[in-house]
$ cat work-v1.txt   # compact mmCIF, C-alpha atoms
# COMPACT_ATOMS: atom_id res chain seq x y z
CA MET V 1 4.63 -139.44 -28.02
CA ALA V 2 3.49 -142.14 -25.62
CA GLY V 3 1.90 -145.14 -27.25
CA CYS V 4 3.10 -144.44 -30.75
CA GLY V 5 5.09 -146.98 -32.67
CA ASP V 6 6.03 -147.63 -36.25
CA SER V 7 4.35 -146.11 -39.25
CA GLU V 8 2.80 -148.35 -41.89
CA ASN V 9 1.58 -146.82 -45.15
CA GLY V 10 1.64 -143.43 -43.47
CA VAL V 11 -0.62 -144.64 -40.64
CA LYS V 12 0.85 -144.37 -37.17
CA LYS V 13 0.53 -147.68 -35.36
CA ILE V 14 0.05 -147.73 -31.61
CA SER V 15 2.51 -150.24 -30.21
CA ASN V 16 0.98 -150.79 -26.79
CA LEU V 17 -2.69 -150.90 -27.70
CA PRO V 18 -3.49 -153.97 -25.55
CA TYR V 19 -2.22 -152.10 -22.48
CA LEU V 20 -4.25 -149.02 -23.41
CA MET V 21 -7.37 -151.16 -23.88
CA GLN V 22 -6.92 -152.69 -20.43
CA ALA V 23 -6.30 -149.28 -18.85
CA ALA V 24 -9.43 -147.87 -20.53
CA GLN V 25 -11.51 -150.78 -19.26
CA LYS V 26 -10.19 -150.31 -15.70
CA LYS V 27 -11.27 -146.66 -15.86
CA GLY V 28 -14.75 -147.66 -17.01
CA LEU V 29 -14.35 -146.23 -20.50
CA SER V 30 -16.12 -147.68 -23.52
CA ILE V 31 -13.90 -148.98 -26.29
CA PHE V 32 -14.77 -148.41 -29.96
CA PHE V 33 -12.24 -150.43 -31.94
CA ASN V 34 -11.81 -149.95 -35.67
CA ALA V 35 -9.74 -152.86 -36.98
CA ALA V 36 -8.31 -150.86 -39.89
CA PRO V 37 -5.74 -151.27 -41.12
CA TYR V 38 -5.94 -154.96 -40.31
CA ASP V 39 -2.86 -156.60 -38.86
CA VAL V 40 -2.66 -160.22 -37.67
CA GLY V 41 -1.46 -158.87 -34.31
CA ILE V 42 -5.03 -157.79 -33.58
CA LEU V 43 -5.78 -161.45 -32.87
CA THR V 44 -3.65 -161.15 -29.71
CA TYR V 45 -5.48 -158.07 -28.39
CA PRO V 46 -7.95 -158.35 -25.48
CA MET V 47 -10.95 -158.08 -27.80
CA GLU V 48 -13.28 -159.15 -24.98
CA LEU V 49 -12.86 -155.58 -23.68
CA VAL V 50 -14.21 -154.00 -26.88
CA ASP V 51 -17.70 -152.50 -26.70
CA VAL V 52 -18.10 -151.76 -30.42
CA LEU V 53 -16.00 -153.45 -33.11
CA CYS V 54 -15.98 -151.74 -36.49
CA VAL V 55 -14.77 -153.78 -39.47
CA ASN V 56 -14.94 -153.79 -43.24
CA GLU V 57 -15.27 -156.94 -45.35
CA VAL V 58 -11.55 -157.81 -45.27
CA GLU V 59 -11.17 -157.25 -41.54
CA ALA V 60 -14.42 -159.09 -40.78
CA CYS V 61 -13.30 -162.17 -42.69
CA ALA V 62 -9.84 -162.14 -41.10
CA LEU V 63 -11.21 -161.85 -37.56
CA ALA V 64 -13.95 -164.42 -38.22
CA GLY V 65 -11.46 -166.86 -39.72
CA THR V 66 -13.14 -167.20 -43.10
CA GLU V 67 -12.12 -166.37 -46.64
CA THR V 68 -15.67 -166.04 -47.95
CA PHE V 69 -17.55 -162.81 -47.36
CA GLU V 70 -21.28 -163.02 -46.84
CA ALA V 71 -22.39 -160.30 -44.43
CA ASP V 72 -24.88 -162.22 -42.29
CA ALA V 73 -22.68 -165.30 -42.01
CA VAL V 74 -19.57 -163.29 -41.10
CA LEU V 75 -21.51 -161.26 -38.53
CA THR V 76 -22.79 -164.47 -36.97
CA LEU V 77 -19.25 -165.88 -36.77
CA LEU V 78 -17.97 -162.66 -35.20
CA HIS V 79 -20.85 -162.62 -32.72
CA GLU V 80 -20.05 -166.20 -31.70
CA LYS V 81 -16.41 -165.21 -31.22
CA TYR V 82 -17.13 -161.91 -29.44
CA PRO V 83 -20.63 -162.31 -27.91
CA GLN V 84 -20.38 -159.26 -25.65
CA THR V 85 -19.31 -156.93 -28.45
CA ARG V 86 -21.58 -154.80 -30.62
CA LEU V 87 -20.53 -155.34 -34.23
CA LEU V 88 -20.53 -152.75 -37.01
CA LEU V 89 -19.69 -153.97 -40.51
CA THR V 90 -19.16 -151.54 -43.36
CA ALA V 91 -19.51 -153.12 -46.78
CA GLY V 92 -18.91 -150.22 -49.16
CA SER V 93 -21.60 -149.77 -51.77
CA ALA V 94 -23.51 -152.73 -50.27
CA GLY V 95 -24.29 -150.70 -47.12
CA SER V 96 -23.62 -151.34 -43.45
CA TYR V 97 -24.67 -153.93 -40.91
CA TYR V 98 -24.96 -153.95 -37.14
CA LEU V 99 -25.38 -156.84 -34.74
CA ASP V 100 -25.65 -157.03 -30.98
CA ALA V 101 -27.34 -159.42 -28.55
CA GLU V 102 -30.76 -157.87 -29.22
CA ARG V 103 -30.91 -156.85 -32.86
CA ARG V 104 -29.52 -157.07 -36.36
CA LEU V 105 -29.73 -153.96 -38.54
CA PHE V 106 -28.96 -153.10 -42.15
CA VAL V 107 -28.72 -149.64 -43.67
CA PRO V 108 -28.32 -149.48 -47.46
CA CYS V 109 -25.69 -147.27 -48.99
CA GLU V 110 -26.73 -144.08 -50.72
CA LYS V 111 -26.24 -144.53 -54.46
CA VAL V 112 -23.79 -141.85 -55.55
CA GLN V 113 -21.15 -141.32 -58.21
CA ALA V 114 -17.97 -142.05 -56.23
CA VAL V 115 -14.86 -140.06 -57.09
CA ASP V 116 -12.53 -141.15 -54.27
CA THR V 117 -13.28 -143.69 -51.53
CA THR V 118 -10.11 -143.01 -49.51
CA ALA V 119 -11.92 -141.49 -46.52
CA ALA V 120 -15.18 -143.44 -46.71
CA GLY V 121 -14.48 -145.82 -43.83
CA ASP V 122 -13.01 -143.20 -41.51
CA THR V 123 -15.86 -140.82 -42.28
CA TYR V 124 -18.41 -143.54 -41.59
CA SER V 125 -16.75 -144.59 -38.31
CA GLY V 126 -16.38 -141.03 -37.08
CA TYR V 127 -19.95 -140.03 -37.84
CA PHE V 128 -21.33 -143.28 -36.41
CA LEU V 129 -19.47 -142.72 -33.17
CA ALA V 130 -20.45 -139.04 -33.09
CA GLY V 131 -24.07 -140.06 -33.54
CA LEU V 132 -23.93 -142.52 -30.65
CA CYS V 133 -22.13 -140.03 -28.41
CA SER V 134 -24.78 -137.40 -29.11
CA GLY V 135 -27.56 -139.77 -28.02
CA SER V 136 -28.78 -141.06 -31.38
CA SER V 137 -30.07 -144.60 -31.71
CA VAL V 138 -27.78 -147.10 -33.42
CA GLU V 139 -29.93 -147.02 -36.55
CA ASP V 140 -29.96 -143.20 -36.67
CA ALA V 141 -26.18 -143.14 -36.13
CA MET V 142 -25.81 -145.59 -39.04
CA ARG V 143 -27.97 -143.38 -41.27
CA LEU V 144 -25.96 -140.28 -40.32
CA ALA V 145 -22.71 -142.12 -41.03
CA THR V 146 -24.03 -143.40 -44.36
CA LYS V 147 -25.02 -139.91 -45.43
CA ALA V 148 -21.62 -138.49 -44.41
CA ALA V 149 -19.69 -141.23 -46.22
CA GLY V 150 -21.88 -140.70 -49.29
CA ILE V 151 -20.78 -137.07 -49.38
CA ALA V 152 -17.11 -137.91 -48.73
CA VAL V 153 -16.81 -140.33 -51.66
CA ARG V 154 -18.06 -137.67 -54.08
CA ARG V 155 -14.97 -135.57 -53.30
CA LYS V 156 -11.26 -136.03 -53.87
CA GLY V 157 -8.84 -136.47 -51.01
CA ALA V 158 -8.92 -137.83 -47.52
CA ALA V 159 -9.44 -135.31 -44.72
CA ALA V 160 -10.58 -132.66 -47.19
CA SER V 161 -13.45 -134.90 -48.35
CA ILE V 162 -15.00 -135.36 -44.90
CA PRO V 163 -18.14 -133.21 -44.68
CA GLU V 164 -18.93 -130.84 -41.85
CA ILE V 165 -22.00 -131.73 -39.81
CA LYS V 166 -23.93 -128.75 -41.23
CA GLU V 167 -23.69 -130.37 -44.69
CA LEU V 168 -25.74 -133.31 -43.46
CA LYS V 169 -28.75 -131.26 -42.37
$ encode --input "work-v1.txt" --output "structure tokens"
Amino acid sequence: MAGCGDSENGVKKISNLPYLMQAAQKKGLSIFFNAAPYDVGILTYPMELVDVLCVNEVEACALAGTETFEADAVLTLLHEKYPQTRLLLTAGSAGSYYLDAERRLFVPCEKVQAVDTTAAGDTYSGYFLAGLCSGSSVEDAMRLATKAAGIAVRRKGAAASIPEIKELK
């Protein structure tokens, strides 16, 4: 399969991602980049091409070059480093944050009894992106993603825990 490389922890790594990012940009495509699982090699990627960067606390600190996580401070550091990029920070039970050139948003997490958080981040990212692609505002996409992730963590498993859209109505 073109573009596939080694597998790490069962996750297929794409070996020529910088090339794919450049090709996408040349075709006028938007790039949504989720930095999970974090690898130091990401620092060599053409991140200036990324439209939306999605990170969790660990990835945010690594990319910002800090060991201390404080959401607003880390977002500010990332915005200084990648000023053209819209930033989405997922912080588990603390909620999620968004920052672009015009606004800073926070959406609190739904308080639930978590059973398994394996698919929380992927569920959040997928539903956030689906929300944006369907024409929702950033804040509405964040709320949709939060609701979906809140359902996912109440179930066991990874893919099996991700809710269908009809469950969010």
$ closest_residue --input "work-v1.txt" --among "V:Ala101, V:Val58, V:Leu29, V:Cys109" --to "V:Val74" --atoms "only C-alpha atoms"
V:Val58
$ residues_around --input "work-v1.txt" --residues "stretch 44-55 of chain V" --least-positions-apart "6" --cutoff "8 Å" --atoms "all atoms listed in the file" --output "PyMOL selection string"
chain V and resi 17-18+21-22+25+30-36+82+84-90+125
$ closest_residue --input "work-v1.txt" --among "V:Ser137, V:Tyr98, V:Val107, V:Gly150" --to "V:Thr123" --atoms "all atoms listed in the file"
V:Gly150
$ closest_residue --input "work-v1.txt" --among "V:Leu75, V:Leu129, V:Leu99, V:Ala152" --to "V:Val115" --atoms "only C-alpha atoms"
V:Ala152
$ closest_residue --input "work-v1.txt" --among "V:Leu77, V:Ala141, V:Cys61, V:Ala159" --to "V:Val40" --atoms "all atoms listed in the file"
V:Cys61
$ atom_distance --input "work-v1.txt" --atom1 "atom CA of V:His79" --atom2 "atom CA of V:Asp100"
7.6 Å
$ residues_near_point --input "work-v1.txt" --point "(-15.8, -134.9, -50.7)" --cutoff "12 Å" --atoms "only C-alpha atoms" --output "MDAnalysis selection string"
chainID V and resid 112:120 123 147:164 167
$ atom_distance --input "work-v1.txt" --atom1 "atom CA of V:Arg104" --atom2 "atom CA of V:Lys26"
29.1 Å
$ closest_residue --input "work-v1.txt" --among "V:Ile165, V:Thr146, V:Val138, V:Gly131" --to "V:Leu105" --atoms "all atoms listed in the file"
V:Val138
$ atom_distance --input "work-v1.txt" --atom1 "atom CA of V:Lys81" --atom2 "atom CA of V:Leu63"
8.9 Å
$ residues_around --input "work-v1.txt" --residues "V:Pro108" --least-positions-apart "4" --cutoff "7 Å" --atoms "only C-alpha atoms" --output "list in words"
Ala94, Gly95 and Ser96 of chain V
$ axis_aligned_box --input "work-v1.txt" --around "stretch 120-133 of chain V" --padding-each-side "5 Å" --output "AutoDock Vina command-line options"
--center_x -18.5 --center_y -142.4 --center_z -37.6 --size_x 21.1 --size_y 16.8 --size_z 28.3
$ closest_residue --input "work-v1.txt" --among "V:Ala91, V:Leu20, V:Leu132, V:Ala60" --to "V:Thr76" --atoms "only C-alpha atoms"
V:Ala60
$ build_atoms --input "work-v1.txt" --residues "stretch 67-103 of chain V" --atoms "N, CA and C atoms" --output "tab-separated table (two decimals), in the frame of the given file"
chain	number	residue	atom	x	y	z
V	67	GLU	N	-12.57	-167.06	-45.43
V	67	GLU	CA	-12.12	-166.37	-46.64
V	67	GLU	C	-13.29	-165.91	-47.50
V	68	THR	N	-14.48	-166.35	-47.16
V	68	THR	CA	-15.67	-166.04	-47.95
V	68	THR	C	-16.49	-164.97	-47.24
V	69	PHE	N	-16.75	-163.87	-47.96
V	69	PHE	CA	-17.55	-162.81	-47.36
V	69	PHE	C	-19.01	-162.94	-47.75
V	70	GLU	N	-19.83	-163.10	-46.74
V	70	GLU	CA	-21.28	-163.02	-46.84
V	70	GLU	C	-21.67	-162.36	-45.52
V	71	ALA	N	-22.21	-161.16	-45.60
V	71	ALA	CA	-22.39	-160.30	-44.43
V	71	ALA	C	-23.03	-160.99	-43.24
V	72	ASP	N	-24.19	-161.60	-43.41
V	72	ASP	CA	-24.88	-162.22	-42.29
V	72	ASP	C	-24.08	-163.36	-41.67
V	73	ALA	N	-23.47	-164.17	-42.51
V	73	ALA	CA	-22.68	-165.30	-42.01
V	73	ALA	C	-21.45	-164.82	-41.24
V	74	VAL	N	-20.77	-163.82	-41.77
V	74	VAL	CA	-19.57	-163.29	-41.10
V	74	VAL	C	-19.95	-162.62	-39.78
V	75	LEU	N	-21.05	-161.87	-39.77
V	75	LEU	CA	-21.51	-161.26	-38.53
V	75	LEU	C	-21.83	-162.31	-37.48
V	76	THR	N	-22.46	-163.39	-37.90
V	76	THR	CA	-22.79	-164.47	-36.97
V	76	THR	C	-21.52	-165.09	-36.40
V	77	LEU	N	-20.53	-165.33	-37.25
V	77	LEU	CA	-19.25	-165.88	-36.77
V	77	LEU	C	-18.57	-164.93	-35.79
V	78	LEU	N	-18.58	-163.64	-36.10
V	78	LEU	CA	-17.97	-162.66	-35.20
V	78	LEU	C	-18.73	-162.58	-33.87
V	79	HIS	N	-20.05	-162.67	-33.94
V	79	HIS	CA	-20.85	-162.62	-32.72
V	79	HIS	C	-20.59	-163.85	-31.84
V	80	GLU	N	-20.38	-164.99	-32.46
V	80	GLU	CA	-20.05	-166.20	-31.70
V	80	GLU	C	-18.68	-166.05	-31.04
V	81	LYS	N	-17.76	-165.41	-31.72
V	81	LYS	CA	-16.41	-165.21	-31.22
V	81	LYS	C	-16.34	-164.12	-30.16
V	82	TYR	N	-17.13	-163.05	-30.35
V	82	TYR	CA	-17.13	-161.91	-29.44
V	82	TYR	C	-18.58	-161.60	-29.02
V	83	PRO	N	-19.20	-162.46	-28.21
V	83	PRO	CA	-20.63	-162.31	-27.91
V	83	PRO	C	-21.01	-161.04	-27.16
V	84	GLN	N	-20.09	-160.46	-26.42
V	84	GLN	CA	-20.38	-159.26	-25.65
V	84	GLN	C	-20.19	-157.98	-26.45
V	85	THR	N	-19.68	-158.09	-27.65
V	85	THR	CA	-19.31	-156.93	-28.45
V	85	THR	C	-20.39	-156.58	-29.46
V	86	ARG	N	-20.68	-155.29	-29.56
V	86	ARG	CA	-21.58	-154.80	-30.62
V	86	ARG	C	-20.74	-154.72	-31.89
V	87	LEU	N	-21.28	-155.23	-32.98
V	87	LEU	CA	-20.53	-155.34	-34.23
V	87	LEU	C	-21.08	-154.38	-35.28
V	88	LEU	N	-20.18	-153.66	-35.92
V	88	LEU	CA	-20.53	-152.75	-37.01
V	88	LEU	C	-19.70	-153.15	-38.21
V	89	LEU	N	-20.36	-153.51	-39.29
V	89	LEU	CA	-19.69	-153.97	-40.51
V	89	LEU	C	-20.01	-153.01	-41.64
V	90	THR	N	-18.97	-152.41	-42.20
V	90	THR	CA	-19.16	-151.54	-43.36
V	90	THR	C	-18.81	-152.34	-44.60
V	91	ALA	N	-19.70	-152.30	-45.58
V	91	ALA	CA	-19.51	-153.12	-46.78
V	91	ALA	C	-19.56	-152.27	-48.05
V	92	GLY	N	-18.98	-151.07	-47.98
V	92	GLY	CA	-18.91	-150.22	-49.16
V	92	GLY	C	-20.26	-149.93	-49.76
V	93	SER	N	-20.36	-150.09	-51.06
V	93	SER	CA	-21.60	-149.77	-51.77
V	93	SER	C	-22.75	-150.71	-51.41
V	94	ALA	N	-22.45	-151.80	-50.69
V	94	ALA	CA	-23.51	-152.73	-50.27
V	94	ALA	C	-24.21	-152.25	-49.00
V	95	GLY	N	-23.66	-151.24	-48.33
V	95	GLY	CA	-24.29	-150.70	-47.12
V	95	GLY	C	-23.55	-151.09	-45.86
V	96	SER	N	-24.24	-151.01	-44.73
V	96	SER	CA	-23.62	-151.34	-43.45
V	96	SER	C	-24.56	-152.19	-42.60
V	97	TYR	N	-23.95	-152.97	-41.73
V	97	TYR	CA	-24.67	-153.93	-40.91
V	97	TYR	C	-24.28	-153.74	-39.45
V	98	TYR	N	-25.21	-154.05	-38.57
V	98	TYR	CA	-24.96	-153.95	-37.14
V	98	TYR	C	-25.58	-155.17	-36.46
V	99	LEU	N	-24.87	-155.69	-35.47
V	99	LEU	CA	-25.38	-156.84	-34.74
V	99	LEU	C	-24.97	-156.72	-33.28
V	100	ASP	N	-25.94	-156.90	-32.39
V	100	ASP	CA	-25.65	-157.03	-30.98
V	100	ASP	C	-26.55	-158.15	-30.44
V	101	ALA	N	-26.59	-158.32	-29.15
V	101	ALA	CA	-27.34	-159.42	-28.55
V	101	ALA	C	-28.85	-159.31	-28.78
V	102	GLU	N	-29.32	-158.09	-29.09
V	102	GLU	CA	-30.76	-157.87	-29.22
V	102	GLU	C	-31.26	-157.65	-30.64
V	103	ARG	N	-30.41	-157.19	-31.53
V	103	ARG	CA	-30.91	-156.85	-32.86
V	103	ARG	C	-29.84	-156.95	-33.93
